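Student: This is the structure I have questions about; it appears just below.
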Amino acid sequence: MEIKPGAVDFIGAETDALVLIESEGARRADLAGPLAALYDSGEISGKPLELTLVHGVAGFKARRVLIAGAGKPEKFDAALVRRIAAAAVRFLKGKGVKSAIFALDGAHATAANISAAAIGLVTGAWEPDVHKTEKKDSEKAVDSFSISAALPELSAAIDYGVIVGEALNLSRNIAVEPPNLLTPTTMADRAREMAKANGLSFEVLDRDRMAQLGMGALLGVAQGSAEPPAFIVMRYTPAKASGDAHLGLIGKGVTFDTGGISIKPSEGMEKMKYDMAGGASVIGTMQAIARLKPSIAVTGIVPAVENMPGGKAQRPGDIVTSLSGKTVEILNTDAEGRLILADAITYAKQLGCTHLVDCATLTGAIVVALGYTSSGVFASDDALLAQWMDASKTSGEKMWHMPLDDDYRDQLKTVYADIQNIGGRWGGACSAAMFLKEFTGDTPWIHVDIAGTAWLDDPKPYLAKGPTGVPLGTFVNLAMNWK
Ligand code: BES
Ligand code: ZN
Ligand code: ZN
């Protein structure tokens with residue numbers, strides 16, 4: 001689908017469908033004829049995401065007008081625009097609409113809203129149907145969408161949104177792949193393709209190199225699988241950096257998590273193909289970074305492994321030495337994400353990253369705590385946390401600040417090694433975060449647990465079932481608005 005700037009005069013524009021935003025309790029001045037009647041009868045209420053399609057409205061050149069509810073004006077924001085645009089594109093799918101216009105008029109015509117609309121249009125069109133042989137849902141989407149808004153920066157704002165939207169779809173295309181097709185090796189291939197196409201420097205460390213460096217925590221996880229691990233490094237260097245900061249983004253890349261010897265129940269195990277969603281999000285983010293060119297250096301790191309219970313698999317009771325030199329007693333081989341992230345965090349610091357953000361489908365406990373709505377955020381640094389929360393506001397990716405408290409560290413004490421890899425029964429997301437903190441030292445760091453938010457089981461009007469790409473939008477905003 002092509003997204004382009006549209007004429008300011010959307011009322012006189014010829015198109016298959018014109019999408020107009022209608023607030024709750026504030027009828028638009030240009031509503032006439034059947035639209036006014038619909039509004040006055042209460043059939044159009046303006047409630048968020050309400051969609052009403054009307055053909056042949058007098059006064060409009062468009063063949064159809066789609067009235068999209070935008071809720072109360074005081075609650076209206078870019079995150080809602082993104083959802084409205086995505087819901088509109090999904091609603092129009094399969095209705096034979098080839099070209100359409102999304103209008104943002106009056107006070108709605110801001111750069112943030114325009115970018116959000118573009119993100120919504122691009123991501124709304126996505127479907128998880130790459131492996132269907134027939135009737136691909138994604139092919140029924142509108143061919144071209146114009147965004148109409150009276151703003152000089154219209155075209156730049158659209159470009160920003162399209163870049164972020166395409167990056168989200170790239171990340172979703174990687175995350176949706178089944179575990180037989182997306183192994184650590186093919187995940188690295190996908191990242192390499194992206195890096196080459198976008199001019200990023202790229203490297204993959206193989207098992208031998210990781211052993212040479214001493215990544216014992218990661219290699220312990222990888223040893224039960226016939227698939228070799230891959231440690232993916234993608235680097236962006238700005239032409240002119242605005243400071244010394246170097247952002248390291250780390251994404252968990254477990255291409256399948258059986259649990260290893262501490263094996264998971266078979267029911268629902270297929271879902272553990274999305275245990276690499278964090279890594280996929282980082283790969284997508286690096287594509288957006290390469291195209292948007294922020295003035296801060298950004299390195300993306302994805303430790304990719306498969307967690308299997310093969311004959312060489314690590315056992316509960318094993319003690320491994322991490323890249324940091326710290327020893328870890330493995331008490332549960334299903335707590336593997338923190339092990340691979342520990343070595344990735346240490347490696348990122350060795351590369352010179354001054355600030356770190358990792359994202360990972362790390363714990364079932366975060367799903368118990370926050371459900372499928374918000375990602376859990378753990379932060380060792382208040383300034384970085386403030387930037388992160390700020391960045392999440394315009395991305396619309398909900399974040400909830402969780403405690404990172406030394407008292408949770410007590411759960412990780414063992415007499416046999418420096419630390420053990422699981423805590424007690426309660427507060428599992430917090431003890432997992434404390435495990436990671438052990439390896440960050442004094443580098444400002446944020447951990448984002450996306451176990452509940454990386455995958456959508458029940459589709460929404462604005463988003464297909466499957467991977468969401470979270471927290472890519474926040475990553476990109478963080479880098480672009482770095483302070
Ligand atoms: N990948 C899982 C976490 C997960 C659970 C992600 C549900 C998405 C949905 C992780 O590796 C894991 O198995 N964690 C264990 C940790 C436990 C053994 C301490 C968990 O959460 O049960
Ligand atoms: Zn696990
Ligand atoms: Zn896992």
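Labels for the structure tokens follow display order: chains A, B, ..., residues from 1 in each chain, ligands from 1.
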Select from stretch 151-204 of chain A everything DSSP, run on the backbone, classes as alpha helix (DSSP H), then give the selection as a ChimeraX atom specification.

Tutor: /A:154-175,184-198

Student: Selected residues, N, CA, C and O atoms, written as a short mmCIF file (atom, residue, chain, number, x, y, z; two decimals), in the first residue's frame, please.

Tutor:
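See part_22.cif below for the written result:
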data_model
loop_
_atom_site.label_atom_id
_atom_site.label_comp_id
_atom_site.auth_asym_id
_atom_site.auth_seq_id
_atom_site.Cartn_x
_atom_site.Cartn_y
_atom_site.Cartn_z
N LEU A 154 3.72 18.18 6.09
CA LEU A 154 2.89 16.99 5.84
C LEU A 154 3.70 15.81 5.30
O LEU A 154 3.65 14.71 5.84
N SER A 155 4.49 16.10 4.29
CA SER A 155 5.17 15.02 3.62
C SER A 155 6.25 14.38 4.51
O SER A 155 6.40 13.15 4.56
N ALA A 156 6.98 15.22 5.27
CA ALA A 156 8.00 14.68 6.18
C ALA A 156 7.35 13.87 7.30
O ALA A 156 7.86 12.81 7.69
N ALA A 157 6.21 14.33 7.79
CA ALA A 157 5.51 13.62 8.87
C ALA A 157 5.00 12.27 8.36
O ALA A 157 5.04 11.26 9.09
N ILE A 158 4.55 12.23 7.11
CA ILE A 158 4.10 10.96 6.53
C ILE A 158 5.29 10.01 6.40
O ILE A 158 5.22 8.84 6.78
N ASP A 159 6.41 10.53 5.89
CA ASP A 159 7.60 9.68 5.71
C ASP A 159 8.01 9.02 7.03
O ASP A 159 8.31 7.83 7.08
N TYR A 160 8.01 9.82 8.09
CA TYR A 160 8.38 9.29 9.42
C TYR A 160 7.47 8.11 9.79
O TYR A 160 7.92 7.04 10.16
N GLY A 161 6.16 8.35 9.62
CA GLY A 161 5.19 7.31 9.97
C GLY A 161 5.32 6.07 9.10
O GLY A 161 5.22 4.95 9.60
N VAL A 162 5.56 6.26 7.82
CA VAL A 162 5.68 5.11 6.92
C VAL A 162 6.92 4.29 7.30
O VAL A 162 6.89 3.05 7.33
N ILE A 163 8.01 4.98 7.63
CA ILE A 163 9.24 4.28 8.03
C ILE A 163 9.00 3.45 9.29
O ILE A 163 9.37 2.27 9.37
N VAL A 164 8.33 4.05 10.27
CA VAL A 164 8.05 3.31 11.51
C VAL A 164 7.07 2.17 11.24
O VAL A 164 7.26 1.04 11.71
N GLY A 165 6.04 2.44 10.44
CA GLY A 165 5.06 1.40 10.11
C GLY A 165 5.70 0.23 9.38
O GLY A 165 5.45 -0.94 9.70
N GLU A 166 6.55 0.53 8.42
CA GLU A 166 7.22 -0.55 7.67
C GLU A 166 8.16 -1.34 8.58
O GLU A 166 8.30 -2.55 8.45
N ALA A 167 8.81 -0.64 9.50
CA ALA A 167 9.70 -1.33 10.45
C ALA A 167 8.89 -2.26 11.35
O ALA A 167 9.30 -3.39 11.63
N LEU A 168 7.72 -1.78 11.79
CA LEU A 168 6.85 -2.63 12.62
C LEU A 168 6.44 -3.87 11.83
O LEU A 168 6.46 -4.99 12.36
N ASN A 169 6.08 -3.68 10.57
CA ASN A 169 5.66 -4.83 9.76
C ASN A 169 6.83 -5.79 9.50
O ASN A 169 6.63 -7.00 9.47
N LEU A 170 8.03 -5.24 9.34
CA LEU A 170 9.20 -6.12 9.18
C LEU A 170 9.36 -6.97 10.44
O LEU A 170 9.54 -8.19 10.38
N SER A 171 9.28 -6.30 11.58
CA SER A 171 9.46 -7.03 12.83
C SER A 171 8.36 -8.08 13.00
O SER A 171 8.62 -9.21 13.42
N ARG A 172 7.13 -7.74 12.60
CA ARG A 172 6.03 -8.70 12.70
C ARG A 172 6.22 -9.85 11.71
O ARG A 172 5.90 -11.01 12.02
N ASN A 173 6.74 -9.55 10.53
CA ASN A 173 6.99 -10.62 9.56
C ASN A 173 8.04 -11.60 10.06
O ASN A 173 7.98 -12.79 9.75
N ILE A 174 8.99 -11.11 10.82
CA ILE A 174 10.01 -12.01 11.38
C ILE A 174 9.41 -12.80 12.54
O ILE A 174 9.54 -14.02 12.62
N ALA A 175 8.69 -12.09 13.42
CA ALA A 175 8.16 -12.74 14.62
C ALA A 175 7.10 -13.79 14.30
O ALA A 175 6.92 -14.74 15.04
N PRO A 184 17.88 -19.63 14.82
CA PRO A 184 18.87 -18.56 15.04
C PRO A 184 19.60 -18.19 13.74
O PRO A 184 19.84 -17.00 13.47
N THR A 185 19.91 -19.19 12.92
CA THR A 185 20.65 -18.92 11.68
C THR A 185 19.80 -18.10 10.70
O THR A 185 20.29 -17.11 10.12
N THR A 186 18.54 -18.47 10.51
CA THR A 186 17.73 -17.72 9.54
C THR A 186 17.32 -16.37 10.10
O THR A 186 17.11 -15.41 9.36
N MET A 187 17.25 -16.28 11.42
CA MET A 187 16.96 -14.97 12.03
C MET A 187 18.13 -14.02 11.72
O MET A 187 17.93 -12.86 11.36
N ALA A 188 19.35 -14.55 11.83
CA ALA A 188 20.53 -13.75 11.50
C ALA A 188 20.52 -13.38 10.02
O ALA A 188 20.91 -12.27 9.64
N ASP A 189 20.05 -14.30 9.16
CA ASP A 189 19.96 -14.00 7.72
C ASP A 189 19.01 -12.83 7.47
O ASP A 189 19.30 -11.94 6.66
N ARG A 190 17.87 -12.85 8.16
CA ARG A 190 16.89 -11.76 7.99
C ARG A 190 17.49 -10.43 8.44
O ARG A 190 17.28 -9.39 7.81
N ALA A 191 18.22 -10.47 9.55
CA ALA A 191 18.84 -9.25 10.06
C ALA A 191 19.91 -8.74 9.09
O ALA A 191 20.03 -7.54 8.82
N ARG A 192 20.68 -9.67 8.51
CA ARG A 192 21.73 -9.31 7.56
C ARG A 192 21.15 -8.64 6.33
O ARG A 192 21.64 -7.59 5.88
N GLU A 193 20.08 -9.24 5.82
CA GLU A 193 19.38 -8.65 4.65
C GLU A 193 18.96 -7.21 4.94
O GLU A 193 19.16 -6.31 4.13
N MET A 194 18.36 -7.02 6.11
CA MET A 194 17.89 -5.70 6.51
C MET A 194 19.07 -4.73 6.61
O MET A 194 19.02 -3.61 6.10
N ALA A 195 20.15 -5.19 7.25
CA ALA A 195 21.31 -4.31 7.48
C ALA A 195 21.94 -3.91 6.15
O ALA A 195 22.28 -2.75 5.93
N LYS A 196 22.08 -4.89 5.24
CA LYS A 196 22.66 -4.62 3.92
C LYS A 196 21.83 -3.61 3.16
O LYS A 196 22.35 -2.65 2.60
N ALA A 197 20.54 -3.84 3.13
CA ALA A 197 19.64 -2.99 2.35
C ALA A 197 19.60 -1.57 2.90
O ALA A 197 19.23 -0.64 2.19
N ASN A 198 19.95 -1.40 4.18
CA ASN A 198 19.81 -0.08 4.80
C ASN A 198 21.13 0.55 5.24
O ASN A 198 21.14 1.56 5.95
#

Student: Could you give me, as a list in words, the residues within 6 Å of A:Ala100, counting only C-alpha atoms and dropping anything in the same chain fewer than 5 positions from it?

Tutor: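 Surrounding residues, per the criterion: Thr15, Asp16, Ala17, Leu18 and Phe145 of chain A.
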
Student: Please identify all protein, DNA and RNA residues within 7 Å of ligand 1, counting only C-alpha atoms and all ligand atoms, and report them as an MDAnalysis selection string.

Tutor: chainID A and resid 257 259 272 275 332 334:337 361:365 422:423 428 451:452

Student: Select, from A:Ala454, A:Ala245, A:Ala304, A:Ala217, the residue with the minimum atom-to-atom distance to A:Ala230, counting only C-alpha atoms.

Tutor: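 Residue with the minimum atom-to-atom distance to A:Ala230: A:Ala304.
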
Student: Show me, as an mmCIF file with N, CA, C and O atoms, in the first residue's frame, the residues that have an atom within 10 Å of A:Val282 when counting only C-alpha atoms, minus same-chain residues fewer than 2 positions from it.

Tutor:
data_model
loop_
_atom_site.group_PDB
_atom_site.id
_atom_site.type_symbol
_atom_site.label_atom_id
_atom_site.label_comp_id
_atom_site.auth_asym_id
_atom_site.auth_seq_id
_atom_site.Cartn_x
_atom_site.Cartn_y
_atom_site.Cartn_z
ATOM 1 N N ALA A 167 8.805 -0.642 9.500
ATOM 2 C CA ALA A 167 9.697 -1.327 10.446
ATOM 3 C C ALA A 167 8.889 -2.258 11.353
ATOM 4 O O ALA A 167 9.302 -3.389 11.634
ATOM 5 N N LEU A 168 7.722 -1.779 11.792
ATOM 6 C CA LEU A 168 6.852 -2.628 12.618
ATOM 7 C C LEU A 168 6.436 -3.867 11.835
ATOM 8 O O LEU A 168 6.461 -4.987 12.356
ATOM 9 N N SER A 171 9.284 -6.304 11.579
ATOM 10 C CA SER A 171 9.458 -7.026 12.831
ATOM 11 C C SER A 171 8.358 -8.080 12.997
ATOM 12 O O SER A 171 8.619 -9.214 13.424
ATOM 13 N N ALA A 191 18.225 -10.471 9.551
ATOM 14 C CA ALA A 191 18.843 -9.246 10.058
ATOM 15 C C ALA A 191 19.912 -8.742 9.086
ATOM 16 O O ALA A 191 20.033 -7.540 8.825
ATOM 17 N N MET A 234 24.024 -5.239 15.030
ATOM 18 C CA MET A 234 23.747 -4.271 13.952
ATOM 19 C C MET A 234 24.117 -2.886 14.463
ATOM 20 O O MET A 234 23.665 -2.495 15.536
ATOM 21 N N LEU A 249 20.458 -1.399 22.140
ATOM 22 C CA LEU A 249 19.129 -2.009 22.200
ATOM 23 C C LEU A 249 19.289 -3.514 22.081
ATOM 24 O O LEU A 249 19.893 -4.005 21.120
ATOM 25 N N ILE A 250 18.762 -4.238 23.046
ATOM 26 C CA ILE A 250 18.961 -5.684 23.097
ATOM 27 C C ILE A 250 17.607 -6.383 23.068
ATOM 28 O O ILE A 250 16.699 -6.007 23.804
ATOM 29 N N GLY A 251 17.456 -7.381 22.201
ATOM 30 C CA GLY A 251 16.179 -8.099 22.123
ATOM 31 C C GLY A 251 16.365 -9.601 22.279
ATOM 32 O O GLY A 251 17.190 -10.201 21.590
ATOM 33 N N LYS A 252 15.577 -10.194 23.162
ATOM 34 C CA LYS A 252 15.639 -11.647 23.374
ATOM 35 C C LYS A 252 15.255 -12.379 22.085
ATOM 36 O O LYS A 252 14.195 -12.128 21.510
ATOM 37 N N GLY A 253 16.133 -13.294 21.665
ATOM 38 C CA GLY A 253 15.894 -14.009 20.413
ATOM 39 C C GLY A 253 15.853 -15.517 20.599
ATOM 40 O O GLY A 253 16.619 -16.247 19.963
ATOM 41 N N ALA A 277 10.304 -12.413 19.843
ATOM 42 C CA ALA A 277 9.651 -11.174 19.422
ATOM 43 C C ALA A 277 10.479 -9.939 19.804
ATOM 44 O O ALA A 277 10.507 -8.952 19.063
ATOM 45 N N GLY A 278 11.154 -9.994 20.929
ATOM 46 C CA GLY A 278 12.012 -8.872 21.339
ATOM 47 C C GLY A 278 13.125 -8.656 20.329
ATOM 48 O O GLY A 278 13.402 -7.530 19.900
ATOM 49 N N GLY A 279 13.739 -9.767 19.908
ATOM 50 C CA GLY A 279 14.802 -9.683 18.906
ATOM 51 C C GLY A 279 14.272 -9.148 17.589
ATOM 52 O O GLY A 279 14.890 -8.296 16.939
ATOM 53 N N ALA A 280 13.079 -9.611 17.194
ATOM 54 C CA ALA A 280 12.478 -9.143 15.946
ATOM 55 C C ALA A 280 12.193 -7.650 16.025
ATOM 56 O O ALA A 280 12.369 -6.909 15.050
ATOM 57 N N GLY A 284 13.683 -4.729 13.495
ATOM 58 C CA GLY A 284 12.825 -3.726 12.862
ATOM 59 C C GLY A 284 13.233 -2.317 13.263
ATOM 60 O O GLY A 284 13.294 -1.406 12.425
ATOM 61 N N THR A 285 13.523 -2.141 14.536
ATOM 62 C CA THR A 285 13.941 -0.820 15.027
ATOM 63 C C THR A 285 15.185 -0.336 14.294
ATOM 64 O O THR A 285 15.267 0.835 13.895
ATOM 65 N N MET A 286 16.141 -1.233 14.079
ATOM 66 C CA MET A 286 17.385 -0.827 13.417
ATOM 67 C C MET A 286 17.127 -0.404 11.968
ATOM 68 O O MET A 286 17.810 0.468 11.436
ATOM 69 N N GLN A 287 16.115 -1.014 11.339
ATOM 70 C CA GLN A 287 15.769 -0.556 9.984
ATOM 71 C C GLN A 287 15.248 0.888 10.027
ATOM 72 O O GLN A 287 15.658 1.739 9.226
ATOM 73 N N ALA A 288 14.363 1.156 10.989
ATOM 74 C CA ALA A 288 13.822 2.517 11.111
ATOM 75 C C ALA A 288 14.933 3.510 11.462
ATOM 76 O O ALA A 288 14.984 4.618 10.919
ATOM 77 N N THR A 299 23.309 0.753 18.680
ATOM 78 C CA THR A 299 23.695 -0.611 18.343
ATOM 79 C C THR A 299 22.565 -1.551 18.746
ATOM 80 O O THR A 299 22.053 -1.474 19.864
ATOM 81 N N GLY A 300 22.160 -2.397 17.813
ATOM 82 C CA GLY A 300 21.116 -3.383 18.085
ATOM 83 C C GLY A 300 21.744 -4.756 18.261
ATOM 84 O O GLY A 300 22.562 -5.171 17.442
ATOM 85 N N ILE A 301 21.377 -5.441 19.333
ATOM 86 C CA ILE A 301 21.968 -6.747 19.630
ATOM 87 C C ILE A 301 20.863 -7.779 19.838
ATOM 88 O O ILE A 301 19.923 -7.550 20.600
ATOM 89 N N VAL A 302 20.982 -8.904 19.128
ATOM 90 C CA VAL A 302 20.003 -9.977 19.301
ATOM 91 C C VAL A 302 20.723 -11.299 19.537
ATOM 92 O O VAL A 302 21.286 -11.890 18.614
ATOM 93 N N ASP A 358 16.751 -3.264 27.116
ATOM 94 C CA ASP A 358 16.481 -4.588 26.565
ATOM 95 C C ASP A 358 14.983 -4.823 26.560
ATOM 96 O O ASP A 358 14.252 -4.255 27.370
ATOM 97 N N CYS A 359 14.544 -5.624 25.585
ATOM 98 C CA CYS A 359 13.133 -6.021 25.592
ATOM 99 C C CYS A 359 13.082 -7.524 25.402
ATOM 100 O O CYS A 359 13.858 -8.100 24.634
ATOM 101 N N GLY A 469 4.980 -6.118 17.313
ATOM 102 C CA GLY A 469 6.159 -5.276 17.052
ATOM 103 C C GLY A 469 6.610 -4.476 18.266
ATOM 104 O O GLY A 469 7.689 -3.890 18.260
ATOM 105 N N VAL A 470 5.810 -4.456 19.317
ATOM 106 C CA VAL A 470 6.140 -3.715 20.548
ATOM 107 C C VAL A 470 7.520 -4.134 21.069
ATOM 108 O O VAL A 470 7.820 -5.331 21.034
ATOM 109 N N PRO A 471 8.368 -3.228 21.523
ATOM 110 C CA PRO A 471 8.208 -1.784 21.735
ATOM 111 C C PRO A 471 8.927 -0.937 20.677
ATOM 112 O O PRO A 471 9.533 0.079 21.000
ATOM 113 N N LEU A 472 8.830 -1.331 19.419
ATOM 114 C CA LEU A 472 9.579 -0.653 18.350
ATOM 115 C C LEU A 472 9.314 0.854 18.279
ATOM 116 O O LEU A 472 10.242 1.659 18.128
ATOM 117 N N PHE A 475 11.194 2.571 21.030
ATOM 118 C CA PHE A 475 12.627 2.560 20.713
ATOM 119 C C PHE A 475 12.968 3.709 19.751
ATOM 120 O O PHE A 475 13.924 4.448 19.952
ATOM 121 N N VAL A 476 12.179 3.798 18.676
ATOM 122 C CA VAL A 476 12.470 4.792 17.640
ATOM 123 C C VAL A 476 12.318 6.211 18.197
ATOM 124 O O VAL A 476 13.186 7.064 18.004
#

Student: May I have all residues of stretch 227-313 of chain A that DSSP, computed from the backbone, assigns to strand (DSSP E), given as a list in words?

Tutor: Ala230, Phe231, Ile232, Val233, Met234, Arg235, Tyr236, His246, Leu247, Gly248, Leu249, Ile250, Gly251, Gly253, Val254, Thr255, Phe256, Asp257, Ala297, Val298, Thr299, Gly300, Ile301, Val302, Pro303, Ala304, Val305, Glu306 and Asn307 of chain A

Student: What's the separation between atom CA of A:Val221 and atom CA of A:Cys353, in Å to one decimal place?

Tutor: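 Rounded to one decimal, the two atoms are 24.7 Å apart.
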
Student: Could you name the residues that touch stretch 410-413 of chain A at 10 Å or less, counting only C-alpha atoms, but leaving out those on the same chain fewer than 2 positions away, as a ChimeraX atom specification?

Tutor: /A:328-329,405-408,415-428,431-432,434-435

Student: Go through A:Ala26, A:Ala383, A:Cys430, A:Leu339 and flag the residue nearest A:Ala369, using only C-alpha atoms for the distances.

Tutor: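 Selected residue with least distance to A:Ala369: A:Cys430.
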
Student: Name the residues in contact with stretch 90-96 of chain A at a cut-off of 9 Å, using only C-alpha atoms, excluding same-chain residues fewer than 2 positions from it; report them as a list in words.

Tutor: Asp16, Ala17, Leu51, Leu66, Ala85, Ala86, Ala87, Ala88, Lys98, Leu121, Gly124, Ala125, Trp126, Asp137, Ser138, Glu139, Lys140, Ala141, Val142, Pro461, Tyr462, Leu463 and Ala464 of chain A

Student: Which residues, written as a ChimeraX atom specification, have at least one atom at most 12 Å from A:Ile44, with only C-alpha atoms counted and residues fewer than 5 positions away on the same chain left out?

Tutor: /A:21-28,31,34-39,49-54,66-71

Student: Take the residues that were just selected and, keeping N, CA and C atoms, output them as a compact mmCIF listing (two decimals), in the first residue's frame.

Tutor:
# COMPACT_ATOMS: atom_id res chain seq x y z
N ILE A 21 -12.78 12.22 10.61
CA ILE A 21 -12.82 12.01 12.06
C ILE A 21 -13.94 12.83 12.67
N GLU A 22 -14.71 12.17 13.54
CA GLU A 22 -15.86 12.83 14.16
C GLU A 22 -15.75 12.68 15.67
N SER A 23 -15.65 13.80 16.36
CA SER A 23 -15.52 13.73 17.83
C SER A 23 -16.88 13.51 18.48
N GLU A 24 -16.81 13.08 19.73
CA GLU A 24 -18.02 12.83 20.50
C GLU A 24 -18.53 14.16 21.05
N GLY A 25 -19.77 14.43 20.80
CA GLY A 25 -20.38 15.64 21.37
C GLY A 25 -19.98 16.93 20.69
N ALA A 26 -19.40 16.85 19.51
CA ALA A 26 -19.02 18.06 18.79
C ALA A 26 -19.19 17.83 17.30
N ARG A 27 -20.40 17.99 16.81
CA ARG A 27 -20.69 17.68 15.41
C ARG A 27 -19.91 18.59 14.45
N ARG A 28 -19.35 17.97 13.42
CA ARG A 28 -18.58 18.73 12.43
C ARG A 28 -19.49 19.70 11.69
N LEU A 31 -20.89 18.42 8.16
CA LEU A 31 -21.80 17.29 8.05
C LEU A 31 -23.14 17.77 7.51
N PRO A 34 -27.43 13.03 4.69
CA PRO A 34 -27.57 11.80 5.46
C PRO A 34 -26.61 11.75 6.67
N LEU A 35 -25.44 12.36 6.53
CA LEU A 35 -24.49 12.33 7.63
C LEU A 35 -25.04 13.07 8.84
N ALA A 36 -25.62 14.23 8.58
CA ALA A 36 -26.20 15.01 9.67
C ALA A 36 -27.34 14.24 10.31
N ALA A 37 -28.15 13.59 9.47
CA ALA A 37 -29.27 12.80 10.00
C ALA A 37 -28.77 11.65 10.87
N LEU A 38 -27.72 11.00 10.41
CA LEU A 38 -27.15 9.89 11.19
C LEU A 38 -26.64 10.40 12.54
N TYR A 39 -26.03 11.57 12.49
CA TYR A 39 -25.49 12.13 13.72
C TYR A 39 -26.62 12.52 14.67
N LEU A 49 -13.31 4.78 17.75
CA LEU A 49 -13.23 3.65 16.82
C LEU A 49 -14.57 3.23 16.20
N GLU A 50 -15.62 3.98 16.47
CA GLU A 50 -16.90 3.71 15.79
C GLU A 50 -16.72 4.04 14.30
N LEU A 51 -17.20 3.17 13.42
CA LEU A 51 -17.06 3.41 11.98
C LEU A 51 -18.41 3.34 11.29
N THR A 52 -18.72 4.36 10.51
CA THR A 52 -20.00 4.39 9.77
C THR A 52 -19.71 4.73 8.32
N LEU A 53 -20.09 3.81 7.42
CA LEU A 53 -19.79 4.00 5.99
C LEU A 53 -21.06 4.42 5.26
N VAL A 54 -20.97 5.52 4.51
CA VAL A 54 -22.12 6.02 3.77
C VAL A 54 -21.71 6.26 2.31
N LEU A 66 -16.39 7.57 5.16
CA LEU A 66 -16.32 6.71 6.35
C LEU A 66 -16.12 7.63 7.56
N ILE A 67 -17.15 7.69 8.40
CA ILE A 67 -17.04 8.54 9.59
C ILE A 67 -16.42 7.71 10.70
N ALA A 68 -15.31 8.20 11.23
CA ALA A 68 -14.58 7.46 12.27
C ALA A 68 -14.67 8.20 13.59
N GLY A 69 -15.19 7.52 14.60
CA GLY A 69 -15.34 8.13 15.92
C GLY A 69 -14.00 8.39 16.57
N ALA A 70 -13.85 9.58 17.15
CA ALA A 70 -12.57 9.96 17.76
C ALA A 70 -12.71 10.24 19.25
N GLY A 71 -13.88 9.94 19.82
CA GLY A 71 -14.04 10.11 21.25
C GLY A 71 -14.08 11.56 21.68
